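Shown next: entry23.txt, containing compact mmCIF, C-alpha atoms.
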# COMPACT_ATOMS: atom_id res chain seq x y z
CA MET A 5 -22.72 24.17 78.55
CA THR A 6 -20.74 26.87 76.77
CA THR A 7 -22.08 30.20 75.60
CA THR A 8 -23.11 30.15 71.95
CA LEU A 9 -20.72 32.24 69.87
CA ALA A 10 -22.13 35.12 67.86
CA GLY A 11 -22.74 34.73 64.14
CA TYR A 12 -19.75 34.41 61.84
CA LEU A 13 -19.36 35.04 58.11
CA PRO A 14 -16.59 33.36 56.11
CA PRO A 15 -14.03 35.30 54.07
CA LYS A 16 -14.40 35.52 50.32
CA GLY A 17 -13.70 32.55 48.11
CA ALA A 18 -11.26 30.08 49.61
CA THR A 19 -12.92 27.34 51.64
CA ALA A 20 -9.74 26.59 53.60
CA ALA A 21 -10.04 29.93 55.42
CA TRP A 22 -13.61 29.22 56.55
CA GLU A 23 -13.35 28.94 60.32
CA ARG A 24 -14.03 25.56 61.88
CA LEU A 25 -15.00 25.12 65.52
CA PRO A 26 -15.48 22.02 67.68
CA PRO A 27 -19.23 21.30 67.96
CA GLU A 28 -19.23 21.53 71.75
CA ARG A 29 -18.15 25.17 71.60
CA LEU A 30 -21.43 25.87 69.82
CA GLU A 31 -23.65 23.78 72.10
CA LEU A 32 -23.75 20.77 69.80
CA ASP A 33 -23.30 17.22 70.98
CA PRO A 34 -20.22 15.89 69.09
CA ALA A 35 -21.36 12.26 69.25
CA ARG A 36 -24.83 13.10 67.89
CA LEU A 37 -23.29 15.20 65.12
CA ARG A 38 -20.99 12.32 64.18
CA GLU A 39 -24.10 10.15 63.95
CA ALA A 40 -25.61 12.62 61.48
CA VAL A 41 -22.46 12.56 59.35
CA SER A 42 -22.24 8.75 59.45
CA TYR A 43 -25.91 8.54 58.47
CA ALA A 44 -25.33 10.82 55.46
CA GLN A 45 -22.30 8.80 54.38
CA ALA A 46 -24.23 5.53 54.69
CA HIS A 47 -27.13 6.76 52.55
CA ASP A 48 -25.56 7.23 49.17
CA MET A 49 -28.10 7.87 46.42
CA PRO A 50 -28.59 4.59 44.52
CA TRP A 51 -27.80 6.19 41.17
CA PRO A 52 -24.94 5.52 38.75
CA ARG A 53 -22.04 7.96 38.64
CA ASP A 54 -22.91 8.77 35.01
CA LEU A 55 -26.05 10.89 35.33
CA ASN A 56 -26.82 10.93 31.63
CA GLY A 57 -28.79 7.73 32.07
CA VAL A 58 -30.79 8.94 35.08
CA ASN A 59 -34.44 9.62 34.16
CA VAL A 60 -35.53 11.57 37.25
CA SER A 61 -39.25 11.62 36.47
CA ASN A 62 -39.52 8.42 34.46
CA ASP A 63 -40.42 10.40 31.35
CA LYS A 64 -41.49 8.39 28.33
CA PRO A 65 -39.64 8.65 24.99
CA PRO A 66 -38.87 10.96 23.33
CA PHE A 67 -38.93 13.21 26.42
CA ASP A 68 -36.53 11.05 28.42
CA GLN A 69 -33.46 12.52 26.70
CA LYS A 70 -31.12 15.18 28.07
CA LEU A 71 -31.16 18.46 26.16
CA GLY A 72 -28.52 20.23 28.23
CA PRO A 73 -25.11 19.29 29.61
CA MET A 74 -24.68 16.80 32.42
CA LYS A 75 -21.65 15.73 34.42
CA PRO A 76 -20.76 12.65 36.50
CA ARG A 77 -21.59 12.83 40.17
CA GLY A 78 -19.37 12.24 43.18
CA GLY A 79 -20.15 10.36 46.35
CA PRO A 80 -22.04 11.53 49.44
CA SER A 81 -20.70 14.83 50.74
CA GLY A 82 -21.81 17.88 52.65
CA LEU A 83 -21.28 20.08 55.66
CA VAL A 84 -23.04 21.55 58.66
CA LEU A 85 -22.84 25.18 59.80
CA LYS A 86 -23.78 26.48 63.24
CA ASN A 87 -23.85 30.27 63.59
CA GLY A 88 -21.87 30.35 60.35
CA TYR A 89 -18.98 28.20 61.61
CA VAL A 90 -18.25 24.84 59.98
CA VAL A 91 -18.85 22.13 62.59
CA ALA A 92 -18.93 19.05 60.34
CA GLU A 93 -17.78 18.09 56.83
CA TRP A 94 -17.78 14.83 54.88
CA GLY A 95 -16.91 13.56 51.42
CA ASP A 96 -15.62 16.11 48.93
CA PRO A 97 -17.62 19.31 49.57
CA GLU A 98 -15.38 21.30 47.20
CA ARG A 99 -16.50 19.20 44.24
CA VAL A 100 -18.79 21.12 41.87
CA GLU A 101 -21.94 19.04 41.52
CA VAL A 102 -25.23 19.08 39.63
CA THR A 103 -27.99 20.25 41.99
CA PHE A 104 -31.19 19.34 40.12
CA SER A 105 -34.17 21.24 41.61
CA ALA A 106 -32.22 23.01 44.33
CA THR A 107 -31.64 25.37 41.39
CA LYS A 108 -35.25 26.52 41.74
CA SER A 109 -34.49 28.39 44.97
CA TYR A 110 -31.78 30.35 43.14
CA LEU A 111 -34.28 31.11 40.37
CA SER A 112 -36.69 32.32 43.06
CA ALA A 113 -33.95 34.63 44.34
CA VAL A 114 -33.60 36.19 40.88
CA ALA A 115 -37.37 36.80 40.86
CA GLY A 116 -37.16 38.44 44.29
CA LEU A 117 -34.44 40.77 43.06
CA ALA A 118 -36.57 41.72 40.05
CA LEU A 119 -39.41 42.62 42.42
CA GLN A 120 -37.14 44.73 44.64
CA ARG A 121 -35.80 46.66 41.68
CA GLY A 122 -39.23 47.39 40.22
CA LEU A 123 -38.74 45.20 37.16
CA ILE A 124 -41.78 43.35 38.51
CA ARG A 125 -44.19 45.64 40.35
CA ASP A 126 -46.29 43.01 42.13
CA VAL A 127 -46.17 39.20 42.25
CA ASP A 128 -49.91 39.18 41.57
CA ASP A 129 -49.45 41.05 38.28
CA ARG A 130 -50.10 39.11 35.11
CA VAL A 131 -46.90 37.94 33.43
CA ALA A 132 -48.49 38.92 30.10
CA ASP A 133 -48.19 42.57 31.15
CA TYR A 134 -44.39 42.17 31.15
CA VAL A 135 -43.58 39.42 28.65
CA THR A 136 -44.81 39.67 25.07
CA ASP A 137 -43.04 36.76 23.40
CA GLY A 138 -46.28 34.86 22.76
CA GLY A 139 -45.90 32.56 25.73
CA PHE A 140 -48.61 34.29 27.76
CA ALA A 141 -51.27 34.82 25.15
CA PRO A 142 -55.05 34.50 25.70
CA PRO A 143 -57.33 32.83 26.40
CA HIS A 144 -55.54 30.75 29.08
CA ASN A 145 -51.92 31.79 29.65
CA ASN A 146 -52.68 35.51 29.84
CA ARG A 147 -54.30 34.92 33.26
CA ILE A 148 -51.08 33.58 34.81
CA THR A 149 -49.40 35.72 37.48
CA TRP A 150 -45.85 35.70 38.78
CA ARG A 151 -47.19 34.18 42.00
CA HIS A 152 -48.68 31.28 40.05
CA LEU A 153 -45.33 30.55 38.43
CA LEU A 154 -43.39 30.83 41.70
CA GLN A 155 -45.80 28.54 43.55
CA GLN A 156 -46.06 26.05 40.66
CA THR A 157 -49.80 26.55 40.25
CA SER A 158 -49.75 28.32 36.86
CA GLU A 159 -51.18 25.52 34.68
CA TRP A 160 -49.20 27.16 31.85
CA GLU A 161 -50.14 25.57 28.54
CA GLY A 162 -47.73 25.00 25.71
CA LYS A 163 -44.46 23.56 24.51
CA LEU A 164 -41.11 25.02 25.55
CA PHE A 165 -37.76 24.05 24.03
CA GLY A 166 -39.55 21.12 22.39
CA ILE A 167 -41.12 19.75 25.58
CA PRO A 168 -44.90 20.01 26.25
CA ASP A 169 -46.15 20.97 29.71
CA THR A 170 -48.19 17.74 29.79
CA VAL A 171 -44.99 15.71 30.33
CA ASP A 172 -45.01 16.79 33.98
CA TRP A 173 -48.74 16.65 34.66
CA ASN A 174 -49.49 15.53 38.24
CA ARG A 175 -45.80 15.13 39.13
CA GLY A 176 -44.86 15.47 42.80
CA LEU A 177 -48.39 15.23 44.17
CA GLN A 178 -47.15 13.01 47.00
CA ASP A 179 -45.58 16.18 48.43
CA SER A 180 -48.63 18.39 47.96
CA GLY A 181 -50.68 17.63 51.03
CA ASP A 182 -52.86 14.93 49.47
CA GLN A 183 -54.05 17.13 46.61
CA PRO A 184 -55.77 14.90 44.03
CA GLY A 185 -54.52 14.61 40.49
CA ARG A 186 -56.42 15.82 37.48
CA ASP A 187 -56.93 14.67 33.90
CA VAL A 188 -58.05 18.00 32.43
CA ARG A 189 -56.33 21.37 32.46
CA LYS A 190 -57.46 23.70 35.22
CA ALA A 191 -57.44 27.46 35.50
CA PRO A 192 -54.26 29.20 36.71
CA GLY A 193 -54.05 28.95 40.48
CA GLU A 194 -56.29 25.88 40.77
CA HIS A 195 -53.77 23.02 40.71
CA TRP A 196 -50.29 22.44 42.15
CA GLU A 197 -47.75 20.16 40.54
CA TYR A 198 -43.98 19.95 40.23
CA ASN A 199 -43.74 20.95 36.58
CA ASP A 200 -40.24 21.69 35.25
CA VAL A 201 -41.50 22.89 31.86
CA ARG A 202 -43.30 25.72 33.67
CA VAL A 203 -40.28 26.42 35.86
CA ASN A 204 -38.25 26.85 32.68
CA ARG A 205 -40.97 29.15 31.37
CA LEU A 206 -40.49 31.27 34.51
CA ALA A 207 -36.74 31.38 33.86
CA LEU A 208 -37.37 32.56 30.31
CA ALA A 209 -39.88 35.18 31.51
CA LEU A 210 -37.31 36.49 34.02
CA LEU A 211 -34.69 36.62 31.28
CA ARG A 212 -37.08 38.81 29.27
CA VAL A 213 -37.63 41.08 32.28
CA TRP A 214 -33.93 41.40 33.21
CA ASN A 215 -32.80 41.57 29.58
CA GLU A 216 -29.53 39.92 30.57
CA PRO A 217 -28.40 36.37 31.40
CA LEU A 218 -29.75 35.21 34.76
CA PRO A 219 -26.35 33.78 35.82
CA ALA A 220 -24.92 37.30 35.45
CA VAL A 221 -27.70 38.70 37.65
CA LEU A 222 -27.14 36.03 40.30
CA LYS A 223 -23.38 36.56 40.27
CA ARG A 224 -23.51 40.35 40.52
CA LEU A 225 -26.26 40.70 43.09
CA VAL A 226 -25.95 37.56 45.23
CA MET A 227 -22.94 35.32 44.77
CA ASP A 228 -20.25 38.02 44.57
CA PRO A 229 -21.61 39.95 47.58
CA ILE A 230 -21.56 36.79 49.73
CA GLY A 231 -18.03 35.91 48.64
CA ALA A 232 -18.79 32.75 46.66
CA THR A 233 -16.12 31.11 44.55
CA THR A 234 -16.06 31.43 40.77
CA THR A 235 -16.44 27.68 40.25
CA TRP A 236 -20.25 27.57 40.00
CA GLU A 237 -22.04 27.47 36.65
CA TRP A 238 -25.69 27.77 35.59
CA HIS A 239 -26.64 26.01 32.38
CA GLY A 240 -29.63 25.77 30.13
CA TYR A 241 -30.09 23.47 27.17
CA GLY A 242 -27.50 24.98 24.84
CA SER A 243 -28.89 25.72 21.40
CA HIS A 244 -32.24 24.23 22.41
CA SER A 245 -32.89 27.06 24.88
CA THR A 246 -31.00 29.92 23.20
CA ILE A 247 -33.35 32.79 22.43
CA GLU A 248 -33.04 36.17 20.80
CA LEU A 249 -33.75 39.33 22.77
CA ALA A 250 -35.42 42.39 21.29
CA ASP A 251 -32.04 43.99 20.61
CA GLY A 252 -30.88 40.99 18.62
CA ARG A 253 -28.61 39.38 21.23
CA SER A 254 -28.70 35.60 21.47
CA ILE A 255 -28.77 34.38 25.09
CA GLU A 256 -29.18 30.95 26.62
CA SER A 257 -32.20 30.67 28.89
CA VAL A 258 -31.13 28.61 31.91
CA SER A 259 -33.07 25.70 33.34
CA GLY A 260 -34.59 25.56 36.80
CA GLY A 261 -33.29 22.06 37.41
CA ALA A 262 -31.46 19.21 35.69
CA HIS A 263 -34.55 17.24 34.69
CA TRP A 264 -33.38 17.50 31.06
CA GLY A 265 -29.81 18.54 31.88
CA GLY A 266 -28.25 21.85 32.80
CA GLY A 267 -29.24 23.69 35.96
CA LEU A 268 -26.92 24.99 38.66
CA TRP A 269 -23.57 23.27 39.18
CA ILE A 270 -22.04 24.34 42.48
CA ASN A 271 -19.93 23.10 45.39
CA ALA A 272 -21.27 22.50 48.90
CA TYR A 273 -19.47 25.51 50.40
CA ASP A 274 -21.09 27.96 47.98
CA HIS A 275 -24.42 26.24 48.65
CA ALA A 276 -23.77 26.83 52.35
CA ARG A 277 -23.05 30.53 51.76
CA PHE A 278 -26.41 30.85 49.99
CA GLY A 279 -28.15 29.10 52.89
CA LEU A 280 -26.30 31.22 55.44
CA LEU A 281 -27.46 34.37 53.64
CA PHE A 282 -31.08 33.37 54.22
CA LEU A 283 -30.40 32.16 57.75
CA ASN A 284 -29.14 35.70 58.43
CA ARG A 285 -32.26 37.26 56.91
CA ALA A 286 -30.35 38.37 53.81
CA ILE A 287 -27.80 40.44 55.73
CA TRP A 288 -24.15 39.83 54.91
CA ASN A 289 -21.87 42.10 56.94
CA PRO A 290 -18.34 40.73 56.66
CA ALA A 291 -15.63 41.72 59.11
CA ASP A 292 -13.09 44.27 57.95
CA PRO A 293 -9.52 43.06 57.28
CA SER A 294 -8.52 43.74 60.89
CA GLY A 295 -11.35 41.54 62.13
CA LYS A 296 -12.29 44.17 64.72
CA SER A 297 -15.50 45.51 63.23
CA ARG A 298 -18.13 44.83 60.65
CA ARG A 299 -18.96 46.88 57.61
CA LEU A 300 -22.61 47.85 57.31
CA SER A 301 -24.39 46.54 54.25
CA THR A 302 -27.88 46.73 52.80
CA PRO A 303 -29.77 43.40 53.00
CA VAL A 304 -29.55 41.48 49.75
CA PHE A 305 -33.29 40.76 49.93
CA SER A 306 -36.05 42.78 51.53
CA GLU A 307 -37.97 41.66 54.61
CA ALA A 308 -41.09 41.65 52.47
CA TRP A 309 -39.54 39.12 50.08
CA LEU A 310 -38.17 36.94 52.90
CA LYS A 311 -41.69 36.68 54.30
CA MET A 312 -43.37 36.21 50.94
CA MET A 313 -41.09 33.45 49.70
CA ARG A 314 -41.85 31.33 52.79
CA GLU A 315 -45.63 31.73 52.81
CA PRO A 316 -47.23 28.29 52.32
CA CYS A 317 -48.99 27.81 49.01
CA PRO A 318 -52.72 27.22 49.68
CA LEU A 319 -52.66 24.13 47.45
CA ASN A 320 -49.44 22.78 48.96
CA PRO A 321 -48.60 24.04 52.46
CA ASN A 322 -45.14 22.45 52.16
CA TYR A 323 -44.17 24.80 49.32
CA GLY A 324 -43.41 28.51 49.17
CA PHE A 325 -41.82 30.44 46.31
CA MET A 326 -39.68 27.49 45.16
CA TRP A 327 -38.51 26.77 48.70
CA TRP A 328 -39.71 23.69 50.56
CA LEU A 329 -41.27 24.30 53.97
CA ASN A 330 -41.86 22.23 57.12
CA THR A 331 -45.49 23.26 57.64
CA ARG A 332 -47.10 21.09 60.31
CA HIS A 333 -43.74 19.28 60.45
CA LYS A 334 -44.71 17.19 57.42
CA ARG A 335 -41.56 17.42 55.30
CA TYR A 336 -38.67 17.37 57.77
CA GLY A 337 -40.37 16.03 60.88
CA LYS A 338 -41.03 17.26 64.39
CA GLN A 339 -37.33 17.45 65.22
CA LEU A 340 -37.17 20.59 63.08
CA PRO A 341 -39.35 23.65 63.70
CA GLU A 342 -42.09 24.71 61.32
CA SER A 343 -39.89 27.69 60.47
CA ALA A 344 -37.33 25.38 58.78
CA PHE A 345 -37.08 25.69 55.00
CA ALA A 346 -34.94 24.19 52.27
CA ALA A 347 -33.67 24.32 48.73
CA SER A 348 -34.17 20.73 47.62
CA GLY A 349 -33.27 18.77 44.52
CA ALA A 350 -33.29 15.23 43.24
CA GLY A 351 -30.41 13.07 44.35
CA GLY A 352 -30.55 14.46 47.87
CA ASN A 353 -28.97 17.77 46.86
CA SER A 354 -30.29 20.09 49.55
CA ILE A 355 -29.71 23.10 51.76
CA VAL A 356 -31.76 22.76 54.96
CA ILE A 357 -32.02 25.91 57.08
CA ASP A 358 -33.08 25.72 60.72
CA PRO A 359 -33.60 29.31 61.96
CA GLU A 360 -34.28 28.23 65.56
CA ARG A 361 -31.02 26.33 65.98
CA ARG A 362 -29.07 28.61 63.62
CA THR A 363 -27.90 25.69 61.49
CA VAL A 364 -27.44 25.14 57.76
CA THR A 365 -27.08 21.55 56.56
CA VAL A 366 -25.89 20.90 53.01
CA THR A 367 -26.22 17.37 51.59
CA ARG A 368 -25.10 15.92 48.27
CA TRP A 369 -26.21 12.51 46.96
CA CYS A 370 -28.12 11.55 50.08
CA SER A 371 -31.14 9.26 49.88
CA ASP A 372 -32.60 10.50 53.20
CA VAL A 373 -32.11 14.24 53.66
CA PRO A 374 -34.77 14.55 56.41
CA GLY A 375 -32.96 11.82 58.33
CA VAL A 376 -29.71 13.79 58.25
CA ALA A 377 -31.42 17.09 59.14
CA GLN A 378 -33.23 15.48 62.05
CA ARG A 379 -29.99 14.08 63.44
CA VAL A 380 -28.32 17.48 63.17
CA ALA A 381 -31.27 18.97 65.07
CA GLU A 382 -30.97 16.31 67.76
CA ALA A 383 -27.31 17.23 68.23
CA SER A 384 -28.29 20.66 69.49
CA THR A 385 -27.87 20.40 73.25
CA ALA A 386 -29.16 23.95 73.68
CA TRP A 387 -32.61 23.05 72.30

Can you dump the structure from the file as structure tokens?
Amino acid sequence: MTTTLAGYLPPKGATAAWERLPPERLELDPARLREAVSYAQAHDMPWPRDLNGVNVSNDKPPFDQKLGPMKPRGGPSGLVLKNGYVVAEWGDPERVEVTFSATKSYLSAVAGLALQRGLIRDVDDRVADYVTDGGFAPPHNNRITWRHLLQQTSEWEGKLFGIPDTVDWNRGLQDSGDQPGRDVRKAPGEHWEYNDVRVNRLALALLRVWNEPLPAVLKRLVMDPIGATTTWEWHGYGSHSTIELADGRSIESVSGGAHWGGGLWINAYDHARFGLLFLNRAIWNPADPSGKSRRLSTPVFSEAWLKMMREPCPLNPNYGFMWWLNTRHKRYGKQLPESAFAASGAGGNSIVIDPERRTVTVTRWCSDVPGVAQRVAEASTAW
């Protein structure tokens, strides 16, 4: 068994310069890792290449139509990092793809940055104390906190960009730890569901707080510092979600997924950078040009936020602040530790982070993400 190499961070931008190492140099079983790759390749998502006809949540007309842009998908692709080094790749990981709800983890990051900079003082503050656009008016919505929105327990009431919150009532309950459904609206904090209307309401609230486009915030404070390419895009619903700020500027409010189009479009390598940032507890200290030393840098996110975003929601222990968790090994199985967490979207678009094994697994268009992640975990001969 070889000695595990210390953590590595890739150079800015170009994926070709990202260092690759044979799996065995990082205490990974090459045959087991090949099994994981073969499994991912064999489990293509059974969706058409044209995603305009894909109704992710089986919404009934007229709410089954796309409001934002959509693009054709590629085939199964992805990569595996160990200690930051690329140890496996498949498909076309440079292809910019729709990510569906993996976007939510990026939206969560923008919320964390707002908290760190004092734009939000406390996640348990009422959103109504910050946002006065009428969306958080009494008697119901004024009780909603930032925590409620981030944990998907807000029960926000209303219509946003033409879509009522009721469209997504009781969605995703199979992932909520056997929480029962409901047929009447509950108080904020009393019901969990995977409600994209409310996620988009969070995105709009954060736009009001930042007073600038959220893609610009993400680029300046996260993606540029970690050396991401400039190929990623974050869309909303075009004119449907374009709002006017207090100073008269018209800005598109982005969506937290691609349920009705839009969302984050990104390649697998930039996804992997984002995952590697969180694997490294938000520290990104690249080597200097000589490669002999590392420049010191302030963590992108605070330790307080890193802990907070991974605290299990009381109503759904598998969910944090828009990150999926492996509490009691229910989501990703016993092969992965309870400390594992993931950005996860429809179509098998995921970033699975295993802090114990120091791996990041990115999958695109995979119908069994846990199966791939488990096989990557089993390839770790050091475990």

Fill in: CA of Pro80 (chain A) to CA of Asp179 (chain A), straight-line distance in Å
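That distance, rounded to one decimal, is 24.0 Å.
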
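Closest approach to Leu210 (chain A) from the set A:Gln178, A:Gln183, A:Ser112, A:Ser245 is made by A:Ser112, with distances taken over all atoms listed in the file.
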
Worksheet item: Residues at most 9 Å from Val114 (chain A), counting all atoms listed in the file, excluding those fewer than 3 positions away in the same chain, as a VMD selection string?
Response: chain A and resid 109 to 111 117 to 119 210 218 221 to 222 225 to 226

Item to complete: Tell me, in Å to one decimal, how far CA of Phe165 (chain A) is from CA of Leu153 (chain A).
Response: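 CA of Phe165 (chain A) sits 17.5 Å away from CA of Leu153 (chain A).
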
Discussion item. I want to know what sits within 12 Å of Asn56 (chain A), based on all atoms listed in the file, with residues of the same chain fewer than 4 positions away left out; could you give that as an MDAnalysis selection string?
Written reply: chainID A and resid 51:52 60 68:77 102 262:266

Discussion item. Could you check the closest approach to Trp238 (chain A) for each of A:Gln156, A:Asn199, A:Thr363, A:Ser259 and tell me which residue wins, using all atoms listed in the file?
Written reply: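 Checking each candidate against Trp238 (chain A), we get A:Ser259 as the closest.
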
Discussion item. Just to confirm, what's the straight-line distance from CA of Gly324 (chain A) to CA of Glu256 (chain A) in Å (one decimal)?
Written reply: 26.8 Å

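With only C-alpha atoms as the atoms that count, the minimum distance from Arg224 (chain A) to the choices A:Ile255, A:Val304, A:Leu25, A:Met49 is reached by A:Val304.
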